[in-house]
>>> print(open('entry.txt').read())   # compact mmCIF, C-alpha atoms
# COMPACT_ATOMS: atom_id res chain seq x y z
CA MET A 674 9.12 -182.97 29.34
CA PRO A 675 7.30 -180.41 27.19
CA PRO A 676 3.54 -180.26 27.68
CA ALA A 677 1.39 -181.96 25.07
CA ALA A 678 0.58 -179.82 22.07
CA SER A 679 -2.95 -178.51 21.93
CA PRO A 680 -4.72 -176.23 19.44
CA VAL A 681 -5.24 -172.62 20.53
CA PRO A 682 -7.39 -170.00 18.84
CA CYS A 683 -5.46 -167.39 16.86
CA LYS A 684 -6.47 -164.02 15.55
CA PRO A 685 -7.46 -164.47 11.92
CA LEU A 686 -5.61 -162.60 9.20
CA PHE A 687 -7.38 -159.51 7.92
CA PHE A 688 -6.02 -157.40 5.08
CA ASP A 689 -6.46 -153.68 4.53
CA LEU A 690 -7.59 -153.61 0.91
CA ALA A 691 -9.19 -150.16 0.98
CA LEU A 692 -5.74 -148.55 0.99
CA ASN A 693 -5.20 -149.90 -2.53
CA HIS A 694 -8.02 -147.65 -3.70
CA ILE A 695 -6.28 -144.48 -2.56
CA GLY A 696 -4.06 -143.12 -5.29
CA PHE A 697 -2.65 -139.93 -6.73
CA PRO A 698 -4.68 -138.12 -9.37
CA SER A 699 -3.41 -137.87 -12.93
CA LEU A 700 -1.46 -134.65 -13.33
CA ASP A 701 -1.04 -134.85 -17.11
CA HIS A 702 -3.62 -132.14 -17.78
CA LYS A 703 -1.74 -129.83 -15.41
CA LEU A 704 1.37 -130.09 -17.58
CA PRO A 705 0.63 -128.50 -20.97
CA VAL A 706 4.41 -128.29 -21.43
CA LYS A 707 4.37 -131.98 -22.24
CA GLY A 708 2.14 -131.42 -25.28
CA ALA A 709 4.55 -128.83 -26.64
CA GLU A 710 7.44 -131.20 -26.04
CA ALA A 711 5.77 -133.95 -28.03
CA ALA A 712 5.62 -131.62 -31.03
CA SER A 713 9.33 -130.79 -30.76
CA PRO A 714 11.70 -132.57 -33.17
CA ALA A 715 13.65 -134.34 -30.42
CA SER A 716 10.80 -136.34 -28.98
CA ALA A 717 9.20 -136.80 -32.42
CA GLY A 718 12.39 -138.55 -33.47
CA GLU A 719 12.23 -140.71 -30.40
CA ALA A 720 8.64 -141.64 -31.14
CA ASN A 721 9.61 -142.78 -34.63
CA LYS A 722 12.53 -144.88 -33.49
CA PRO A 723 10.73 -148.21 -33.12
CA ASP A 724 9.51 -147.96 -36.72
CA GLN A 725 12.96 -147.47 -38.21
CA PRO A 726 14.68 -150.49 -39.70
CA GLY A 727 17.12 -151.95 -37.19
CA GLY A 728 20.38 -152.26 -39.19
CA LEU A 729 23.67 -152.65 -37.43
CA SER A 730 23.01 -149.87 -34.91
CA GLY A 731 19.68 -151.50 -34.08
CA LEU A 732 21.46 -154.80 -33.50
CA VAL A 733 24.02 -153.14 -31.27
CA LYS A 734 21.29 -151.33 -29.38
CA GLY A 735 19.45 -154.60 -29.06
CA LEU A 736 22.54 -156.23 -27.65
CA TRP A 737 23.03 -153.36 -25.24
CA GLY A 738 19.42 -153.60 -24.21
CA TRP A 739 19.76 -157.33 -23.80
CA GLY A 740 23.02 -156.95 -21.88
CA SER A 741 21.68 -154.32 -19.53
CA LYS A 742 18.57 -156.29 -18.72
CA LYS A 743 20.52 -159.32 -17.56
CA MET B 1076 2.14 -110.30 -15.58
CA ALA B 1077 2.33 -111.41 -11.98
CA HIS B 1078 -0.51 -113.78 -12.71
CA ASN B 1079 1.51 -115.31 -15.51
CA ILE B 1080 4.58 -115.82 -13.35
CA LYS B 1081 2.41 -117.52 -10.77
CA ASN B 1082 0.98 -119.87 -13.39
CA VAL B 1083 4.44 -120.80 -14.64
CA ARG B 1084 5.52 -121.46 -11.06
CA ILE B 1085 2.49 -123.65 -10.43
CA GLN B 1086 3.08 -125.57 -13.63
CA ALA B 1087 6.72 -126.19 -12.68
CA ALA B 1088 5.60 -127.40 -9.27
CA TYR B 1089 3.20 -129.87 -10.90
CA ALA B 1090 6.02 -131.18 -13.09
CA GLU B 1091 8.10 -131.70 -9.94
CA LEU B 1092 5.12 -133.31 -8.23
CA LYS B 1093 4.73 -135.83 -11.03
CA LYS B 1094 8.39 -136.83 -10.66
CA LEU B 1095 8.09 -137.14 -6.87
CA ILE B 1096 4.99 -139.32 -7.22
CA ASP B 1097 6.93 -141.67 -9.51
CA GLN B 1098 9.69 -141.80 -6.89
CA GLY B 1099 7.28 -142.24 -3.99
CA SER B 1100 8.89 -139.35 -2.07
CA TYR B 1101 5.89 -138.59 0.08
CA SER B 1102 7.39 -135.93 2.39
CA ARG B 1103 8.64 -133.99 -0.59
CA ILE B 1104 5.24 -134.34 -2.28
CA ILE B 1105 3.70 -132.55 0.70
CA LYS B 1106 6.25 -129.73 0.49
CA THR B 1107 5.59 -129.28 -3.22
CA THR B 1108 1.82 -129.30 -2.83
CA ASN B 1109 2.22 -126.62 -0.15
CA LYS B 1110 4.03 -124.46 -2.70
CA ILE B 1111 1.11 -124.86 -5.10
CA VAL B 1112 -1.69 -124.15 -2.63
CA ASN B 1113 0.19 -121.17 -1.21
CA ASP B 1114 0.07 -119.71 -4.72
CA ASP B 1115 -3.47 -120.82 -5.47
CA GLN B 1116 -5.83 -122.35 -2.88
CA SER B 1117 -8.19 -123.66 -5.57
CA GLN B 1118 -6.01 -126.45 -6.97
CA PRO B 1119 -7.91 -129.70 -6.32
CA GLU B 1120 -5.13 -131.93 -7.69
CA ALA B 1121 -2.57 -130.44 -5.31
CA TRP B 1122 -4.89 -130.95 -2.35
CA GLN B 1123 -5.58 -134.52 -3.36
CA CYS B 1124 -1.87 -135.28 -3.72
CA LYS B 1125 -1.23 -133.77 -0.29
CA VAL B 1126 -3.94 -135.92 1.31
CA VAL B 1127 -2.79 -139.13 -0.41
CA ALA B 1128 0.83 -138.47 0.63
CA TYR B 1129 -0.22 -137.96 4.27
CA ILE B 1130 -2.17 -141.23 4.14
CA GLN B 1131 0.82 -143.06 2.66
CA LEU B 1132 2.92 -141.69 5.54
CA ASP B 1133 0.31 -142.91 8.07
CA GLN B 1134 -0.26 -139.28 9.12
CA PHE B 1135 -4.04 -139.54 9.27
CA LYS B 1136 -4.71 -136.52 11.49
CA GLU B 1137 -2.82 -134.34 9.03
CA ALA B 1138 -4.72 -135.94 6.16
CA ILE B 1139 -8.04 -135.06 7.80
CA ASN B 1140 -6.89 -131.47 8.44
CA ALA B 1141 -5.92 -131.10 4.80
CA ILE B 1142 -9.25 -132.54 3.60
CA ASN B 1143 -11.15 -130.07 5.79
CA LYS B 1144 -9.23 -127.16 4.27
CA ALA B 1145 -9.53 -128.35 0.66
CA PRO B 1146 -12.04 -126.80 -1.76
CA ASN B 1147 -12.62 -130.30 -3.18
CA ARG B 1148 -13.31 -131.94 0.21
CA GLN B 1149 -16.57 -133.35 -1.16
CA GLN B 1150 -14.55 -135.45 -3.62
CA MET B 1151 -12.30 -136.74 -0.85
CA GLN B 1152 -14.91 -138.23 1.47
CA PHE B 1153 -13.54 -141.71 0.83
CA GLU B 1154 -10.08 -140.58 1.92
CA LEU B 1155 -11.66 -138.93 4.97
CA ALA B 1156 -13.56 -142.08 5.92
CA TYR B 1157 -10.41 -144.17 5.46
CA SER B 1158 -8.36 -141.82 7.67
CA GLN B 1159 -11.02 -141.92 10.38
CA TYR B 1160 -11.07 -145.72 10.13
CA ARG B 1161 -7.30 -145.86 10.58
CA LEU B 1162 -7.56 -143.59 13.62
CA ASN B 1163 -10.10 -146.09 14.98
CA LYS B 1164 -12.91 -143.54 14.79
CA VAL B 1165 -15.10 -146.18 13.20
CA ALA B 1166 -18.48 -144.61 13.99
CA ALA B 1167 -17.39 -141.35 12.34
CA ALA B 1168 -15.91 -143.32 9.46
CA ILE B 1169 -19.15 -145.10 8.62
CA ASP B 1170 -21.09 -141.81 8.85
CA THR B 1171 -18.63 -140.19 6.46
CA LEU B 1172 -18.83 -143.11 4.07
CA ASP B 1173 -22.64 -143.08 4.14
CA SER B 1174 -22.64 -139.50 2.87
CA ALA B 1175 -19.79 -139.98 0.38
CA PRO B 1176 -20.72 -139.65 -3.30
CA ASP B 1177 -19.00 -142.95 -4.15
CA LYS B 1178 -20.31 -144.96 -1.21
CA ASP B 1179 -21.74 -147.64 -3.54
CA SER B 1180 -18.65 -147.93 -5.71
CA PRO B 1181 -16.43 -151.02 -5.32
CA ARG B 1182 -13.97 -149.05 -3.19
CA GLY B 1183 -16.81 -147.71 -1.07
CA LYS B 1184 -17.93 -151.26 -0.41
CA GLU B 1185 -14.40 -152.43 0.31
CA LEU B 1186 -13.98 -149.78 3.00
CA ARG B 1187 -17.49 -150.38 4.33
CA ALA B 1188 -16.67 -154.07 4.82
CA GLN B 1189 -13.51 -153.20 6.77
CA ILE B 1190 -15.35 -150.69 8.96
CA LEU B 1191 -18.15 -153.20 9.63
CA TYR B 1192 -15.48 -155.73 10.67
CA ARG B 1193 -14.06 -153.22 13.16
CA LEU B 1194 -17.61 -152.49 14.36
CA GLU B 1195 -18.05 -156.24 14.85
CA GLN B 1196 -21.14 -156.23 12.64
CA HIS B 1197 -20.09 -159.54 11.20
CA SER B 1198 -23.26 -160.57 9.40
CA GLU B 1199 -23.46 -157.24 7.54
CA CYS B 1200 -19.73 -157.45 6.84
CA TYR B 1201 -20.13 -160.96 5.45
CA THR B 1202 -22.90 -159.79 3.10
CA VAL B 1203 -20.71 -156.97 1.74
CA TYR B 1204 -17.77 -159.31 1.15
CA ARG B 1205 -19.95 -161.88 -0.57
CA GLU B 1206 -21.22 -159.19 -2.93
CA LEU B 1207 -17.72 -157.82 -3.50
CA LEU B 1208 -16.37 -161.24 -4.38
CA ARG B 1209 -19.21 -161.77 -6.81
CA THR B 1210 -18.86 -158.42 -8.55
CA THR B 1211 -15.10 -157.75 -8.59
CA ALA B 1212 -12.41 -159.54 -10.53
CA ASP B 1213 -8.93 -158.37 -9.64
CA ASP B 1214 -5.76 -159.79 -8.14
CA MET B 1215 -6.97 -159.03 -4.61
CA ASP B 1216 -9.60 -161.76 -4.53
CA MET B 1217 -7.36 -164.04 -2.45
CA GLU B 1218 -6.97 -161.35 0.21
CA ARG B 1219 -10.69 -160.64 0.06
CA THR B 1220 -11.46 -164.32 0.59
CA THR B 1221 -9.06 -164.30 3.56
CA ASN B 1222 -10.95 -161.36 5.06
CA MET B 1223 -14.21 -163.16 4.52
CA ALA B 1224 -12.77 -166.20 6.31
CA ALA B 1225 -11.84 -163.94 9.24
CA VAL B 1226 -15.43 -162.71 9.39
CA GLN B 1227 -16.64 -166.30 9.38
CA VAL B 1228 -14.37 -167.16 12.31
CA HIS B 1229 -16.10 -164.49 14.39
CA ARG B 1230 -19.54 -165.55 13.20
CA VAL B 1231 -18.84 -169.14 14.24
CA GLU B 1232 -17.53 -167.94 17.61
CA LEU B 1233 -20.71 -165.95 18.15
CA GLY B 1234 -22.92 -168.81 17.01
CA GLN B 1235 -24.16 -166.79 14.03
CA CYS B 1236 -23.36 -169.61 11.64
CA PRO B 1237 -22.51 -173.32 11.94
CA VAL B 1238 -18.92 -174.57 12.11
CA PRO B 1239 -17.90 -175.59 8.58
CA SER B 1240 -17.31 -179.32 8.28
>>> encode(input="entry.txt", output="structure tokens")
Amino acid sequence: MPPAASPVPCKPLFFDLALNHIGFPSLDHKLPVKGAEAASPASAGEANKPDQPGGLSGLVKGLWGWGSKK
Amino acid sequence: MAHNIKNVRIQAAYAELKKLIDQGSYSRIIKTTNKIVNDDQSQPEAWQCKVVAYIQLDQFKEAINAINKAPNRQQMQFELAYSQYRLNKVAAAIDTLDSAPDKDSPRGKELRAQILYRLEQHSECYTVYRELLRTTADDMDMERTTNMAAVQVHRVELGQCPVPS
């Protein structure tokens, strides 16, 4: 026969929330290379991409994007 | 000339550091920050990354050593207080937090509440949590309420407040 169940005190849960406030600093200003890159034709083209009309290639890309996400 | 080479090397190391932070490769972050501070001791970002990586690896003694060596140690008093708290040096932790520049910021209060809990100063802890819950609005409110409930359990046990009905 198991003994009758009775309530026992338990240690309450306590979360460490202060750790969430410890993060890495932004390093963007330490990387001036990135600014130069943004001015280069390659990344400028990339930045313009979303504004270009979709067309067939856009549709295909969309399908690929859709396919890869699933 | 040599100065220039050093700058390029430091810049490359920061680029690497950014990648490693995205990947969460904490041990490699420490190695890369060492490269930077070996070249130039006065790089606050590198020191901060090193300290945060040590904390993420639960290497709190190493984090404290790094803070003490850093030129920007004054800006890392919160990280110092947190590391002391995790090493269970709670008296030192509250002293550090009291002299930290951001002791009254939300994160300062969050850490203060946790230290007060460890110090078993439940009434003070309860007051800080009540204020935090009133003034903050983020997705951690549930956890904060849970912590406050834990404080209340101890207060009830000690007869500092009535048992909720």
>>> interface_residues(input="entry.txt", of="chain B", to="chain A", cutoff="8 Å", atoms="all atoms listed in the file", output="ChimeraX atom specification")
/B:1086,1089-1090,1093,1096,1120,1123-1124,1127,1154,1157,1182,1185-1186,1189,1215,1218-1219,1221-1222,1224-1225,1228
>>> atom_distance(input="entry.txt", atom1="atom CA of Glu1199 of chain B", atom2="atom CA of Arg1230 of chain B")
10.8 Å
>>> residues_around(input="entry.txt", residues="Leu1194 of chain B", least_positions_apart="4", cutoff="9 Å", atoms="all atoms listed in the file", output="list of chain:residue names")
B:Val1165, B:Ala1166, B:Gln1189, B:Ile1190
>>> residues_around(input="entry.txt", residues="Asp1177 of chain B", least_positions_apart="3", cutoff="12 Å", atoms="all atoms listed in the file", output="ChimeraX atom specification")
/A:694 /B:1149-1154,1156,1171-1174,1180-1187
>>> residues_around(input="entry.txt", residues="segment 1128-1144 of chain B", least_positions_apart="4", cutoff="7 Å", atoms="all atoms listed in the file", output="PyMOL selection string")
chain B and resi 1101+1104-1105+1124+1148+1151+1155+1158+1162
